[in-house]
Structure formats: C-alpha cells, structure tokens
Amino acid sequence: MGPTEPDFASAALRHVSDAEELLRNERKTSIDQAWHLGGFAHECARKACISDSWVPKLLGHDFSSASDEAIETAIALDPRAGWLPVRNWSARYPAVALWRPDHRYERTGSTRAAADRKAHDLVAQARTAVDACVVALFINGSLAMESVQ
C-alpha cells in the first residue's frame with residue numbers, strides 16, 4: 001500500500017477507538033462526534049474488505065440497499081471477497097441503518113437524549129464490525145501490520 005492509498009482498516013480502527021473514547025468521557029460532551037465516527041468506522045471496515053478500487057468509491061458513505069447491490073457485484077467480480085463479513089450490513093448492524101453522513105451538519109446537542117442511546121448502540125456495533133473485518137483480513141493474509149499499529 002502506497003503512502004497515498006487509503007488504509008481503510010487503519011481508519012476503521014481509529015474511528016471506532018476514538019468513538020469509544022468519546023463515549024467514555026464522563027462529561028458526555030462529544031456524543032455527537034462519537035455518533036459521527038461510529039458510522040464512519042462501519043463504512044471504513046466494510047471498504048477495507050473490498051480490494052477493487054471502484055467499490056469504495058461507489059459505496060461512498062451509504063448503507064442502503066444500493067450499497068448492498070454494489071457489494072454483491074464486487075463479490076461476483078472478486079469471489080475471494082465473498083467469505084469476508086461484508087454482506088447485509090444494515091441487517092447485521094441495525095444501528096447503522098439510522099446513521100447518515102449528513103448528521104455531521106446537525107447542531108451539536110440537538111438530539112442529546114435520543115443520540116446517547118443511538119450512539120452507544122452504533123459504536124458497539126461498529127466495534128463488532130471492525131473487529132470482524134480486521135480478523136478476517138488478518139486470516140486472509142491481506143492486512144498490513146502497519147494498519148493495526
């Protein structure tokens with residue numbers, strides 16, 4: 001992996017770790033940011049499992065059925081990706097179905113009561129998704145050790 005190529009596994013690990021840290025903060029001042037990072041952790045984890053460069057671009061930040069169709073197309077073109085944990089993302093991790101990248105533009109604290117539970121659910125599911133992807137990539141032999149440092 002060259003210095004300008006995206007390292008989605010590293011980004012996924014960083015995003016989920018930062019989101020967990022923000023939720024551990026006793027003052028709970030960054031629930032909005034934890035929610036934001038939790039969604040991007042999901043996105044990066046899934047992109048880390050698909051090596052063809054067109055797939056991450058097509059997926060964008062979307063977890064809709066259109067992105068599931070893109071995943072199925074990618075697997076059809078690259079069957080080795082079929083055993084990686086990339087299918088049925090919003091069904092396996094239902095909290096991500098509530099997340100949209102445009103949440104980053106909402107006023108800070110505008111949904112504090114609801115966001116707290118949603119953020120915890122999203123980040124917990126992000127940890128599960130990220131770990132599953134990282135383990136699968138490690139077993140596959142396609143995870144650069146620099147990605148997990």
# chains A, B, ... in the order shown; residues from 1 in each chain; ligands from 1
>>> residues_around(residues="region 37-43 of chain A", least_positions_apart="5", cutoff="8 Å", atoms="only C-alpha atoms", output="ChimeraX atom specification")
/A:11-16,18-19,61-62,96,99-101,119,122-123,126,129-130
>>> select_by_dssp(residues="region 78-111 of chain A", states="helix (DSSP H, G or I)", output="VMD selection string")
chain A and resid 79 to 83 89 to 92 94 to 98 101 to 105
>>> write_last_selection(atoms="all heavy atoms", output="compact mmCIF listing (two decimals), in the first residue's frame")
# COMPACT_ATOMS: atom_id res chain seq x y z
N PRO A 79 -14.58 -13.22 -6.27
CA PRO A 79 -15.19 -14.22 -5.38
C PRO A 79 -14.49 -14.41 -4.05
O PRO A 79 -15.11 -14.79 -3.08
CB PRO A 79 -15.15 -15.50 -6.22
CG PRO A 79 -15.07 -15.03 -7.62
CD PRO A 79 -14.29 -13.75 -7.59
N ARG A 80 -13.18 -14.14 -3.96
CA ARG A 80 -12.49 -14.33 -2.67
C ARG A 80 -13.04 -13.39 -1.61
O ARG A 80 -12.94 -13.65 -0.42
CB ARG A 80 -10.99 -14.16 -2.83
CG ARG A 80 -10.56 -12.79 -3.18
CD ARG A 80 -9.05 -12.65 -3.32
NE ARG A 80 -8.72 -11.30 -3.68
CZ ARG A 80 -8.76 -10.27 -2.84
NH1 ARG A 80 -9.09 -10.43 -1.60
NH2 ARG A 80 -8.45 -9.05 -3.26
N ALA A 81 -13.66 -12.29 -2.04
CA ALA A 81 -14.25 -11.35 -1.09
C ALA A 81 -15.54 -11.89 -0.49
O ALA A 81 -16.02 -11.39 0.53
CB ALA A 81 -14.52 -10.00 -1.76
N GLY A 82 -16.10 -12.93 -1.09
CA GLY A 82 -17.38 -13.48 -0.64
C GLY A 82 -17.36 -14.05 0.76
O GLY A 82 -18.40 -14.08 1.43
N TRP A 83 -16.21 -14.49 1.23
CA TRP A 83 -16.17 -15.04 2.59
C TRP A 83 -15.92 -13.97 3.64
O TRP A 83 -16.03 -14.22 4.84
CB TRP A 83 -15.12 -16.16 2.69
CG TRP A 83 -13.71 -15.67 2.70
CD1 TRP A 83 -12.92 -15.43 1.63
CD2 TRP A 83 -12.93 -15.36 3.86
NE1 TRP A 83 -11.70 -14.97 2.03
CE2 TRP A 83 -11.67 -14.93 3.41
CE3 TRP A 83 -13.17 -15.40 5.23
CZ2 TRP A 83 -10.67 -14.54 4.28
CZ3 TRP A 83 -12.16 -15.01 6.09
CH2 TRP A 83 -10.92 -14.58 5.60
N TRP A 89 -25.09 -5.57 5.61
CA TRP A 89 -24.54 -4.71 6.66
C TRP A 89 -25.62 -4.09 7.55
O TRP A 89 -25.53 -4.15 8.76
CB TRP A 89 -23.71 -3.63 5.98
CG TRP A 89 -22.56 -3.15 6.79
CD1 TRP A 89 -22.45 -1.94 7.36
CD2 TRP A 89 -21.36 -3.86 7.10
NE1 TRP A 89 -21.26 -1.83 8.01
CE2 TRP A 89 -20.56 -2.99 7.87
CE3 TRP A 89 -20.88 -5.13 6.82
CZ2 TRP A 89 -19.32 -3.35 8.36
CZ3 TRP A 89 -19.64 -5.48 7.30
CH2 TRP A 89 -18.88 -4.61 8.06
N SER A 90 -26.64 -3.48 6.95
CA SER A 90 -27.65 -2.80 7.78
C SER A 90 -28.52 -3.79 8.54
O SER A 90 -29.05 -3.46 9.60
CB SER A 90 -28.49 -1.84 6.95
OG SER A 90 -29.12 -2.51 5.89
N ALA A 91 -28.66 -5.01 8.05
CA ALA A 91 -29.41 -6.03 8.79
C ALA A 91 -28.58 -6.58 9.95
O ALA A 91 -29.11 -6.82 11.03
CB ALA A 91 -29.83 -7.16 7.86
N ARG A 92 -27.29 -6.77 9.73
CA ARG A 92 -26.41 -7.30 10.78
C ARG A 92 -26.11 -6.26 11.85
O ARG A 92 -25.89 -6.59 13.01
CB ARG A 92 -25.12 -7.80 10.16
CG ARG A 92 -25.35 -9.07 9.33
CD ARG A 92 -24.14 -9.52 8.57
NE ARG A 92 -22.98 -9.66 9.42
CZ ARG A 92 -21.74 -9.41 8.98
NH1 ARG A 92 -21.53 -9.00 7.76
NH2 ARG A 92 -20.71 -9.57 9.78
N PRO A 94 -28.03 -3.11 12.85
CA PRO A 94 -29.20 -2.25 12.62
C PRO A 94 -29.00 -0.79 13.02
O PRO A 94 -29.66 0.09 12.46
CB PRO A 94 -30.31 -2.91 13.42
CG PRO A 94 -29.64 -3.85 14.35
CD PRO A 94 -28.32 -4.21 13.75
N ALA A 95 -28.12 -0.51 13.95
CA ALA A 95 -27.91 0.88 14.35
C ALA A 95 -27.36 1.71 13.19
O ALA A 95 -27.62 2.91 13.11
CB ALA A 95 -26.99 0.96 15.56
N VAL A 96 -26.62 1.07 12.30
CA VAL A 96 -26.05 1.81 11.18
C VAL A 96 -27.14 2.25 10.20
O VAL A 96 -26.96 3.23 9.48
CB VAL A 96 -24.94 1.00 10.47
CG1 VAL A 96 -25.51 -0.04 9.53
CG2 VAL A 96 -23.99 1.92 9.73
N ALA A 97 -28.28 1.57 10.21
CA ALA A 97 -29.38 1.97 9.33
C ALA A 97 -29.95 3.33 9.73
O ALA A 97 -30.58 4.00 8.92
CB ALA A 97 -30.48 0.90 9.34
N LEU A 98 -29.72 3.75 10.97
CA LEU A 98 -30.20 5.05 11.46
C LEU A 98 -29.20 6.18 11.17
O LEU A 98 -29.52 7.34 11.33
CB LEU A 98 -30.45 4.98 12.97
CG LEU A 98 -31.42 3.92 13.44
CD1 LEU A 98 -31.43 3.87 14.97
CD2 LEU A 98 -32.81 4.18 12.89
N PRO A 101 -24.35 10.16 6.81
CA PRO A 101 -23.19 11.04 6.93
C PRO A 101 -23.56 12.50 7.13
O PRO A 101 -22.79 13.26 7.71
CB PRO A 101 -22.44 10.83 5.61
CG PRO A 101 -23.39 10.18 4.70
CD PRO A 101 -24.40 9.46 5.54
N ASP A 102 -24.76 12.90 6.71
CA ASP A 102 -25.12 14.31 6.89
C ASP A 102 -25.49 14.65 8.32
O ASP A 102 -25.74 15.82 8.64
CB ASP A 102 -26.22 14.73 5.91
CG ASP A 102 -27.49 13.92 6.03
OD1 ASP A 102 -27.44 12.79 6.54
OD2 ASP A 102 -28.53 14.42 5.59
N HIS A 103 -25.47 13.68 9.24
CA HIS A 103 -25.64 14.00 10.66
C HIS A 103 -24.53 14.95 11.14
O HIS A 103 -24.72 15.67 12.11
CB HIS A 103 -25.63 12.74 11.53
CG HIS A 103 -26.89 11.95 11.48
ND1 HIS A 103 -28.11 12.47 11.87
CD2 HIS A 103 -27.13 10.69 11.08
CE1 HIS A 103 -29.04 11.56 11.72
NE2 HIS A 103 -28.48 10.47 11.23
N ARG A 104 -23.42 14.92 10.46
CA ARG A 104 -22.30 15.78 10.88
C ARG A 104 -22.64 17.26 10.80
O ARG A 104 -21.94 18.09 11.38
CB ARG A 104 -21.04 15.46 10.08
CG ARG A 104 -21.12 15.80 8.60
CD ARG A 104 -19.83 15.37 7.90
NE ARG A 104 -19.88 15.57 6.48
CZ ARG A 104 -20.09 14.62 5.58
NH1 ARG A 104 -20.28 13.38 5.98
NH2 ARG A 104 -20.10 14.88 4.30
N TYR A 105 -23.71 17.60 10.10
CA TYR A 105 -24.09 19.00 9.95
C TYR A 105 -25.16 19.44 10.95
O TYR A 105 -25.56 20.60 10.95
CB TYR A 105 -24.58 19.27 8.52
CG TYR A 105 -23.56 18.90 7.48
CD1 TYR A 105 -23.84 17.94 6.53
CD2 TYR A 105 -22.31 19.51 7.46
CE1 TYR A 105 -22.90 17.59 5.57
CE2 TYR A 105 -21.36 19.16 6.51
CZ TYR A 105 -21.67 18.21 5.57
OH TYR A 105 -20.74 17.86 4.63
>>> residues_around(residues="Ile75 (chain A)", least_positions_apart="4", cutoff="12 Å", atoms="only C-alpha atoms", output="PyMOL selection string")
chain A and resi 49-52+55+68-71+79-87
>>> residues_around(residues="Ala9 (chain A)", least_positions_apart="3", cutoff="7 Å", atoms="only C-alpha atoms", output="short mmCIF file (atom, residue, chain, number, x, y, z; two decimals) with N, CA and C atoms, in the first residue's frame")
data_model
loop_
_atom_site.label_atom_id
_atom_site.label_comp_id
_atom_site.auth_asym_id
_atom_site.auth_seq_id
_atom_site.Cartn_x
_atom_site.Cartn_y
_atom_site.Cartn_z
N ALA A 12 -10.74 2.58 10.08
CA ALA A 12 -11.84 1.97 10.84
C ALA A 12 -11.46 1.79 12.30
N LEU A 13 -10.26 1.28 12.54
CA LEU A 13 -9.80 1.08 13.92
C LEU A 13 -9.68 2.41 14.66
N CYS A 44 -15.62 2.37 6.83
CA CYS A 44 -14.23 2.02 6.53
C CYS A 44 -13.96 0.53 6.70
N ALA A 45 -14.60 -0.09 7.69
CA ALA A 45 -14.41 -1.52 7.90
C ALA A 45 -14.86 -2.31 6.67
N ALA A 48 -12.55 -1.82 3.74
CA ALA A 48 -11.27 -2.49 3.91
C ALA A 48 -11.29 -3.90 3.35
N VAL A 134 -11.27 -6.88 10.56
CA VAL A 134 -9.82 -6.93 10.79
C VAL A 134 -9.36 -8.38 10.98
N SER A 147 -1.38 -1.27 9.56
CA SER A 147 -2.77 -0.84 9.70
C SER A 147 -3.28 -0.98 11.13
#
